$ cat model-v7.pdb   # PDB, C-alpha atoms
MODEL        1
ATOM      1  CA  ASN A   1       0.165  31.708   4.110
ATOM      2  CA  LYS A   2      -2.006  30.096   6.791
ATOM      3  CA  GLN A   3      -5.792  30.205   6.494
ATOM      4  CA  THR A   4      -7.947  28.846   9.318
ATOM      5  CA  VAL A   5     -10.913  27.225   7.653
ATOM      6  CA  HIS A   6     -12.075  24.248   9.728
ATOM      7  CA  GLU A   7     -13.323  24.181  13.332
ATOM      8  CA  ASN A   8     -11.485  20.902  13.936
ATOM      9  CA  ILE A   9      -8.736  18.811  12.265
ATOM     10  CA  CYS A  10      -8.494  19.149   8.481
ATOM     11  CA  ALA A  11      -8.145  15.574   7.189
ATOM     12  CA  SER A  12      -7.880  16.000   3.422
ATOM     13  CA  VAL A  13      -7.356  18.671   0.755
ATOM     14  CA  GLN A  14      -7.396  18.669  -3.068
ATOM     15  CA  TRP A  15      -7.094  21.230  -5.851
ATOM     16  CA  VAL A  16     -10.223  21.843  -7.925
ATOM     17  CA  PRO A  17      -9.319  20.695 -11.462
ATOM     18  CA  GLY A  18      -9.136  23.494 -14.012
ATOM     19  CA  ARG A  19      -9.374  26.189 -11.328
ATOM     20  CA  SER A  20      -5.843  26.833 -10.132
ATOM     21  CA  SER A  21      -6.842  29.082  -7.227
ATOM     22  CA  GLU A  22      -9.518  26.810  -5.729
ATOM     23  CA  ILE A  23      -9.285  23.948  -3.222
ATOM     24  CA  VAL A  24     -11.689  21.650  -1.411
ATOM     25  CA  SER A  25     -10.871  20.446   2.090
ATOM     26  CA  GLY A  26     -12.656  18.059   4.433
ATOM     27  CA  GLY A  27     -12.337  17.742   8.168
ATOM     28  CA  MET A  28     -13.398  16.466  11.548
ATOM     29  CA  ASP A  29     -15.895  19.345  11.793
ATOM     30  CA  CYS A  30     -18.096  17.364   9.343
ATOM     31  CA  LYS A  31     -17.650  20.039   6.679
ATOM     32  CA  ILE A  32     -16.187  20.358   3.210
ATOM     33  CA  HIS A  33     -14.940  23.839   2.354
ATOM     34  CA  HIS A  34     -14.605  24.971  -1.248
ATOM     35  CA  ARG A  35     -12.364  28.068  -1.220
ATOM     36  CA  ASP A  36     -10.446  30.448  -3.392
ATOM     37  CA  VAL A  37      -7.030  30.374  -1.702
ATOM     38  CA  TYR A  38      -5.629  33.430  -3.463
ATOM     39  CA  LYS A  39      -8.583  35.708  -2.727
ATOM     40  CA  HIS A  40      -8.967  34.212   0.780
ATOM     41  CA  ARG A  41     -12.692  33.753   0.330
ATOM     42  CA  PRO A  42     -15.120  30.871   0.686
ATOM     43  CA  ILE A  43     -17.074  29.701  -2.338
ATOM     44  CA  LYS A  44     -19.263  27.139  -0.579
ATOM     45  CA  THR A  45     -19.418  25.110   2.619
ATOM     46  CA  LEU A  46     -20.958  21.643   2.488
ATOM     47  CA  SER A  47     -21.964  20.656   6.021
ATOM     48  CA  GLU A  48     -22.959  17.245   7.353
ATOM     49  CA  ARG A  49     -23.153  18.225  11.017
ATOM     50  CA  LEU A  50     -26.271  17.021  12.788
ATOM     51  CA  GLU A  51     -27.527  19.899  14.933
ATOM     52  CA  GLN A  52     -29.701  17.943  17.377
ATOM     53  CA  GLN A  53     -29.596  18.632  21.092
ATOM     54  CA  GLY A  54     -29.049  15.653  23.384
ATOM     55  CA  VAL A  55     -28.422  13.167  20.573
ATOM     56  CA  HIS A  56     -25.304  10.992  20.780
ATOM     57  CA  ILE A  57     -23.942  10.109  17.350
ATOM     58  CA  ILE A  58     -22.029   6.824  17.214
ATOM     59  CA  ASN A  59     -20.491   7.421  13.762
ATOM     60  CA  PRO A  60     -20.444  11.173  13.137
ATOM     61  CA  PRO A  61     -19.991  12.215   9.505
ATOM     62  CA  PHE A  62     -16.362  13.331   9.864
ATOM     63  CA  VAL A  63     -14.865  13.905   6.417
ATOM     64  CA  ASN A  64     -11.910  11.501   6.188
ATOM     65  CA  SER A  65     -11.088  11.949   2.517
ATOM     66  CA  VAL A  66     -11.892  14.150  -0.488
ATOM     67  CA  SER A  67     -10.894  13.453  -4.074
ATOM     68  CA  THR A  68     -10.946  15.360  -7.352
ATOM     69  CA  ARG A  69      -9.381  14.553 -10.701
ATOM     70  CA  TRP A  70      -8.223  16.625 -13.631
ATOM     71  CA  GLY A  71     -10.857  16.359 -16.389
ATOM     72  CA  SER A  72     -13.615  15.164 -14.052
ATOM     73  CA  ARG A  73     -16.547  17.311 -13.016
ATOM     74  CA  TYR A  74     -17.004  15.349  -9.775
ATOM     75  CA  MET A  75     -15.722  15.660  -6.232
ATOM     76  CA  VAL A  76     -16.028  12.630  -3.962
ATOM     77  CA  ALA A  77     -15.920  12.517  -0.157
ATOM     78  CA  GLY A  78     -15.602   9.592   2.249
ATOM     79  CA  TYR A  79     -17.153   9.956   5.696
ATOM     80  CA  ALA A  80     -16.509   8.278   9.045
ATOM     81  CA  SER A  81     -20.174   7.216   8.942
ATOM     82  CA  GLY A  82     -19.295   4.872   6.029
ATOM     83  CA  THR A  83     -21.000   6.998   3.391
ATOM     84  CA  VAL A  84     -19.515   8.143   0.097
ATOM     85  CA  LYS A  85     -20.993  11.370  -1.295
ATOM     86  CA  VAL A  86     -20.510  12.774  -4.764
ATOM     87  CA  TRP A  87     -20.850  16.390  -5.930
ATOM     88  CA  ARG A  88     -20.827  17.771  -9.457
ATOM     89  CA  LEU A  89     -18.908  20.957 -10.189
ATOM     90  CA  GLY A  90     -21.162  23.831 -11.250
ATOM     91  CA  SER A  91     -20.312  27.396 -12.209
ATOM     92  CA  ARG A  92     -17.681  29.413 -10.322
ATOM     93  CA  LYS A  93     -20.468  31.168  -8.430
ATOM     94  CA  VAL A  94     -22.325  27.975  -7.479
ATOM     95  CA  GLY A  95     -19.366  25.647  -6.813
ATOM     96  CA  TYR A  96     -20.145  22.000  -6.112
ATOM     97  CA  VAL A  97     -23.762  20.788  -6.068
ATOM     98  CA  PRO A  98     -25.014  17.456  -4.641
ATOM     99  CA  PHE A  99     -25.053  14.632  -7.179
ATOM    100  CA  LYS A 100     -25.305  11.259  -5.453
ATOM    101  CA  THR A 101     -25.060   9.652  -2.025
ATOM    102  CA  LEU A 102     -23.683   6.131  -2.027
ATOM    103  CA  PRO A 103     -24.159   4.209   1.237
ATOM    104  CA  ARG A 104     -21.060   2.106   1.041
ATOM    105  CA  HIS A 105     -19.203   0.744   4.014
ATOM    106  CA  ASN A 106     -20.320  -0.955   7.250
ATOM    107  CA  ALA A 107     -17.688   1.094   9.082
ATOM    108  CA  GLY A 108     -16.010   4.405   8.277
ATOM    109  CA  THR A 109     -14.848   5.202   4.763
ATOM    110  CA  GLY A 110     -11.109   5.780   5.141
ATOM    111  CA  CYS A 111     -10.168   6.889   1.639
ATOM    112  CA  VAL A 112     -11.745   7.727  -1.727
ATOM    113  CA  CYS A 113     -10.309   8.432  -5.166
ATOM    114  CA  LEU A 114     -11.392   8.929  -8.748
ATOM    115  CA  ALA A 115      -9.719   6.326 -10.995
ATOM    116  CA  ASP A 116     -10.878   8.231 -14.072
ATOM    117  CA  ASN A 117     -13.457  10.940 -14.727
ATOM    118  CA  THR A 118     -16.415   8.832 -13.508
ATOM    119  CA  THR A 119     -15.024   5.815 -11.607
ATOM    120  CA  VAL A 120     -15.003   6.123  -7.809
ATOM    121  CA  ILE A 121     -12.910   3.834  -5.599
ATOM    122  CA  SER A 122     -13.531   3.820  -1.856
ATOM    123  CA  GLY A 123     -11.809   1.890   0.920
ATOM    124  CA  GLY A 124     -13.325   1.333   4.327
ATOM    125  CA  ASN A 125     -12.569   0.382   7.882
ATOM    126  CA  ASP A 126     -14.706  -2.707   7.156
ATOM    127  CA  GLY A 127     -11.895  -4.050   4.923
ATOM    128  CA  PHE A 128     -13.813  -3.648   1.651
ATOM    129  CA  ILE A 129     -12.968  -1.744  -1.518
ATOM    130  CA  HIS A 130     -15.858  -0.510  -3.663
ATOM    131  CA  ILE A 131     -15.577   0.521  -7.302
ATOM    132  CA  SER A 132     -18.488   2.556  -8.687
ATOM    133  CA  ASP A 133     -19.218   3.987 -12.105
ATOM    134  CA  LEU A 134     -21.095   7.265 -11.617
ATOM    135  CA  GLU A 135     -22.562   7.241 -15.105
ATOM    136  CA  GLY A 136     -23.737   3.620 -15.281
ATOM    137  CA  GLY A 137     -22.225   0.463 -16.669
ATOM    138  CA  GLN A 138     -21.388  -2.741 -14.870
ATOM    139  CA  SER A 139     -18.151  -4.536 -14.179
ATOM    140  CA  ASN A 140     -18.032  -8.250 -14.807
ATOM    141  CA  GLY A 141     -16.586  -8.580 -11.309
ATOM    142  CA  SER A 142     -13.409 -10.502 -12.013
ATOM    143  CA  SER A 143     -10.299  -9.791  -9.993
ATOM    144  CA  GLU A 144      -6.835 -11.195  -9.565
ATOM    145  CA  MET A 145      -7.345 -11.223  -5.775
ATOM    146  CA  THR A 146      -9.973 -12.755  -3.436
ATOM    147  CA  SER A 147     -13.241 -10.875  -3.875
ATOM    148  CA  ASP A 148     -16.939 -10.765  -3.044
ATOM    149  CA  SER A 149     -18.712  -9.798  -6.263
ATOM    150  CA  GLU A 150     -22.082  -9.053  -4.631
ATOM    151  CA  THR A 151     -23.312  -5.677  -5.833
ATOM    152  CA  GLU A 152     -25.477  -3.325  -3.818
ATOM    153  CA  ALA A 153     -28.934  -2.141  -4.846
ATOM    154  CA  ASP A 154     -27.544   1.193  -6.047
ATOM    155  CA  GLU A 155     -27.253   0.866  -9.838
ATOM    156  CA  SER A 156     -23.974   2.792  -9.918
ATOM    157  CA  SER A 157     -22.272   0.075  -7.860
ATOM    158  CA  THR A 158     -19.964  -1.982 -10.003
ATOM    159  CA  PHE A 159     -17.826  -4.130  -7.764
ATOM    160  CA  LYS A 160     -17.154  -4.966  -4.105
ATOM    161  CA  LEU A 161     -13.744  -6.401  -3.221
ATOM    162  CA  LEU A 162     -12.771  -7.908   0.149
ATOM    163  CA  HIS A 163      -9.317  -6.671   1.156
ATOM    164  CA  GLY A 164      -9.549  -8.027   4.715
ATOM    165  CA  HIS A 165      -7.878  -5.170   6.616
ATOM    166  CA  LYS A 166      -8.881  -1.621   7.489
ATOM    167  CA  ILE A 167      -7.847   0.519   4.527
ATOM    168  CA  ASN A 168      -5.851   3.610   5.467
ATOM    169  CA  TRP A 169      -5.095   4.854   1.968
ATOM    170  CA  LEU A 170      -5.667   3.876  -1.660
ATOM    171  CA  CYS A 171      -5.169   5.171  -5.162
ATOM    172  CA  GLY A 172      -6.229   3.824  -8.490
ATOM    173  CA  TYR A 173      -6.380   4.437 -12.186
ATOM    174  CA  ARG A 174      -8.258   3.004 -15.137
ATOM    175  CA  GLU A 175      -6.521   1.504 -18.127
ATOM    176  CA  SER A 176      -8.399   0.417 -21.236
ATOM    177  CA  ASP A 177      -9.686  -2.906 -19.881
ATOM    178  CA  HIS A 178      -9.152  -2.763 -16.114
ATOM    179  CA  VAL A 179      -8.764  -0.666 -12.970
ATOM    180  CA  THR A 180      -5.512  -0.890 -10.998
ATOM    181  CA  ILE A 181      -5.713  -0.149  -7.262
ATOM    182  CA  TYR A 182      -2.929   0.211  -4.694
ATOM    183  CA  THR A 183      -3.899  -0.009  -1.015
ATOM    184  CA  CYS A 184      -2.176   0.531   2.319
ATOM    185  CA  ASP A 185      -3.606  -0.859   5.546
ATOM    186  CA  GLU A 186      -2.486  -1.589   9.135
ATOM    187  CA  THR A 187       0.184  -4.005   7.901
ATOM    188  CA  CYS A 188       3.550  -3.177   6.348
ATOM    189  CA  ALA A 189       2.332  -4.206   2.869
ATOM    190  CA  VAL A 190       1.189  -2.243  -0.156
ATOM    191  CA  THR A 191      -1.313  -4.396  -2.054
ATOM    192  CA  LYS A 192      -2.016  -4.125  -5.788
ATOM    193  CA  TYR A 193      -5.337  -5.190  -7.310
ATOM    194  CA  LYS A 194      -6.249  -5.431 -10.981
ATOM    195  CA  VAL A 195     -10.023  -5.464 -11.549
ATOM    196  CA  THR A 196     -11.571  -5.990 -14.984
TER     197      THR A 196
ENDMDL
END

$ encode --input "model-v7.pdb" --output "structure tokens"
Amino acid sequence: NKQTVHENICASVQWVPGRSSEIVSGGMDCKIHHRDVYKHRPIKTLSERLEQQGVHIINPPFVNSVSTRWGSRYMVAGYASGTVKVWRLGSRKVGYVPFKTLPRHNAGTGCVCLADNTTVISGGNDGFIHISDLEGGQSNGSSEMTSDSETEADESSTFKLLHGHKINWLCGYRESDHVTIYTCDETCAVTKYKVT
């Protein structure tokens, strides 16, 4: 069952946790679509397109990655502009509502994921991995790999880790005392990080 939703390439899609008929998808049209796939109807469109005539955008806000997680009320999106945006899930009628914008990477954000219900991991074309706690708290910044523990001004920022290569994909999960992250980049390697 094919549904044309985006005006350009669809880069990422995820199920909405707890709502088995709903998905969110992000694409090169700078939009995130929240849809009911069984009823073939839109719930909400979140647009980042800049509608200015004659303006050349160097890093347009293409949506490279969206992430949801069972049990979490957040949806996270990584943009080609380097930004990471977070939405909180509202009622079925309202859908996702803006929660927080996290200016993160010096180049495009390639991939985002939720390691648990409130921990966001993002990987960028700048070779950095960022771990953020959406509801506060700080990491002590220790890692088993080379890292730069400088935190950004945003109080939700917990840790900044230098990977050294453009990150194409990552996933992570939180255990009781640490976050484990697996990354893929332009090399043939899959790298594992353990951050406490």

$ atom_distance --input "model-v7.pdb" --atom1 "atom CA of Ala189 of chain A" --atom2 "atom CA of Leu170 of chain A"
12.2 Å

$ residues_around --input "model-v7.pdb" --residues "segment 92-102 of chain A" --least-positions-apart "4" --cutoff "10 Å" --atoms "all atoms listed in the file" --output "number ranges by chain"
A: 16, 19, 22, 24, 34-35, 43-46, 73-78, 82-88, 132, 134, 152, 154, 156-157

$ atom_distance --input "model-v7.pdb" --atom1 "atom CA of Gly110 of chain A" --atom2 "atom CA of Glu48 of chain A"
16.6 Å

$ resolve_selection --input "model-v7.pdb" --expression "the PyMOL selection byres ((chain A and resi 130) around 9)" --output "count of residues only"
17

$ closest_residue --input "model-v7.pdb" --among "A:Asn125, A:Thr4, A:Ser12, A:Thr183" --to "Thr68 of chain A" --atoms "all atoms listed in the file"
A:Ser12

$ atom_distance --input "model-v7.pdb" --atom1 "atom CA of Asp133 of chain A" --atom2 "atom CA of Asp36 of chain A"
29.2 Å

$ closest_residue --input "model-v7.pdb" --among "A:Gly172, A:Pro60, A:Gly164, A:Gly71" --to "Pro17 of chain A" --atoms "all atoms listed in the file"
A:Gly71

$ resolve_selection --input "model-v7.pdb" --expression "the PyMOL selection byres ((chain A and resi 166) around 6)" --output "list in words"
Asn125, Asp126, Gly127, His165, Ile167 and Asp185 of chain A

$ resolve_selection --input "model-v7.pdb" --expression "the PyMOL selection byres ((chain A and resi 178) around 7)" --output "MDAnalysis selection string"
chainID A and resid 174:177 179:180 194:196

$ build_atoms --input "model-v7.pdb" --residues "segment 68-81 of chain A" --atoms "N, CA, C and O atoms" --output "compact mmCIF listing (two decimals), in the coordinates of the input"
# COMPACT_ATOMS: atom_id res chain seq x y z
N THR A 68 -10.59 14.75 -6.07
CA THR A 68 -10.95 15.36 -7.35
C THR A 68 -9.99 14.79 -8.39
O THR A 68 -9.02 14.12 -8.05
N ARG A 69 -10.26 15.06 -9.65
CA ARG A 69 -9.38 14.55 -10.70
C ARG A 69 -9.45 15.49 -11.89
O ARG A 69 -10.52 15.94 -12.28
N TRP A 70 -8.29 15.77 -12.47
CA TRP A 70 -8.22 16.62 -13.63
C TRP A 70 -9.09 16.03 -14.74
O TRP A 70 -8.99 14.85 -15.04
N GLY A 71 -9.98 16.83 -15.32
CA GLY A 71 -10.86 16.36 -16.39
C GLY A 71 -12.19 15.85 -15.90
O GLY A 71 -13.10 15.64 -16.70
N SER A 72 -12.35 15.65 -14.60
CA SER A 72 -13.62 15.16 -14.05
C SER A 72 -14.40 16.33 -13.49
O SER A 72 -13.84 17.27 -12.93
N ARG A 73 -15.70 16.26 -13.59
CA ARG A 73 -16.55 17.31 -13.02
C ARG A 73 -17.07 16.92 -11.63
O ARG A 73 -17.95 17.57 -11.08
N TYR A 74 -16.54 15.83 -11.07
CA TYR A 74 -17.00 15.35 -9.78
C TYR A 74 -15.99 15.59 -8.67
O TYR A 74 -14.79 15.62 -8.89
N MET A 75 -16.51 15.71 -7.46
CA MET A 75 -15.72 15.66 -6.23
C MET A 75 -16.37 14.57 -5.38
O MET A 75 -17.59 14.49 -5.29
N VAL A 76 -15.54 13.74 -4.77
CA VAL A 76 -16.03 12.63 -3.96
C VAL A 76 -15.50 12.79 -2.54
O VAL A 76 -14.36 13.21 -2.34
N ALA A 77 -16.34 12.44 -1.56
CA ALA A 77 -15.92 12.52 -0.16
C ALA A 77 -16.28 11.23 0.56
O ALA A 77 -17.36 10.67 0.35
N GLY A 78 -15.36 10.76 1.42
CA GLY A 78 -15.60 9.59 2.25
C GLY A 78 -15.77 10.03 3.69
O GLY A 78 -14.96 10.80 4.21
N TYR A 79 -16.80 9.54 4.34
CA TYR A 79 -17.15 9.96 5.70
C TYR A 79 -16.93 8.84 6.71
O TYR A 79 -17.03 7.65 6.38
N ALA A 80 -16.69 9.24 7.95
CA ALA A 80 -16.51 8.28 9.04
C ALA A 80 -17.77 7.47 9.28
O ALA A 80 -17.72 6.39 9.88
N SER A 81 -18.91 7.95 8.81
CA SER A 81 -20.17 7.22 8.94
C SER A 81 -20.26 6.05 7.95
O SER A 81 -21.21 5.26 8.01
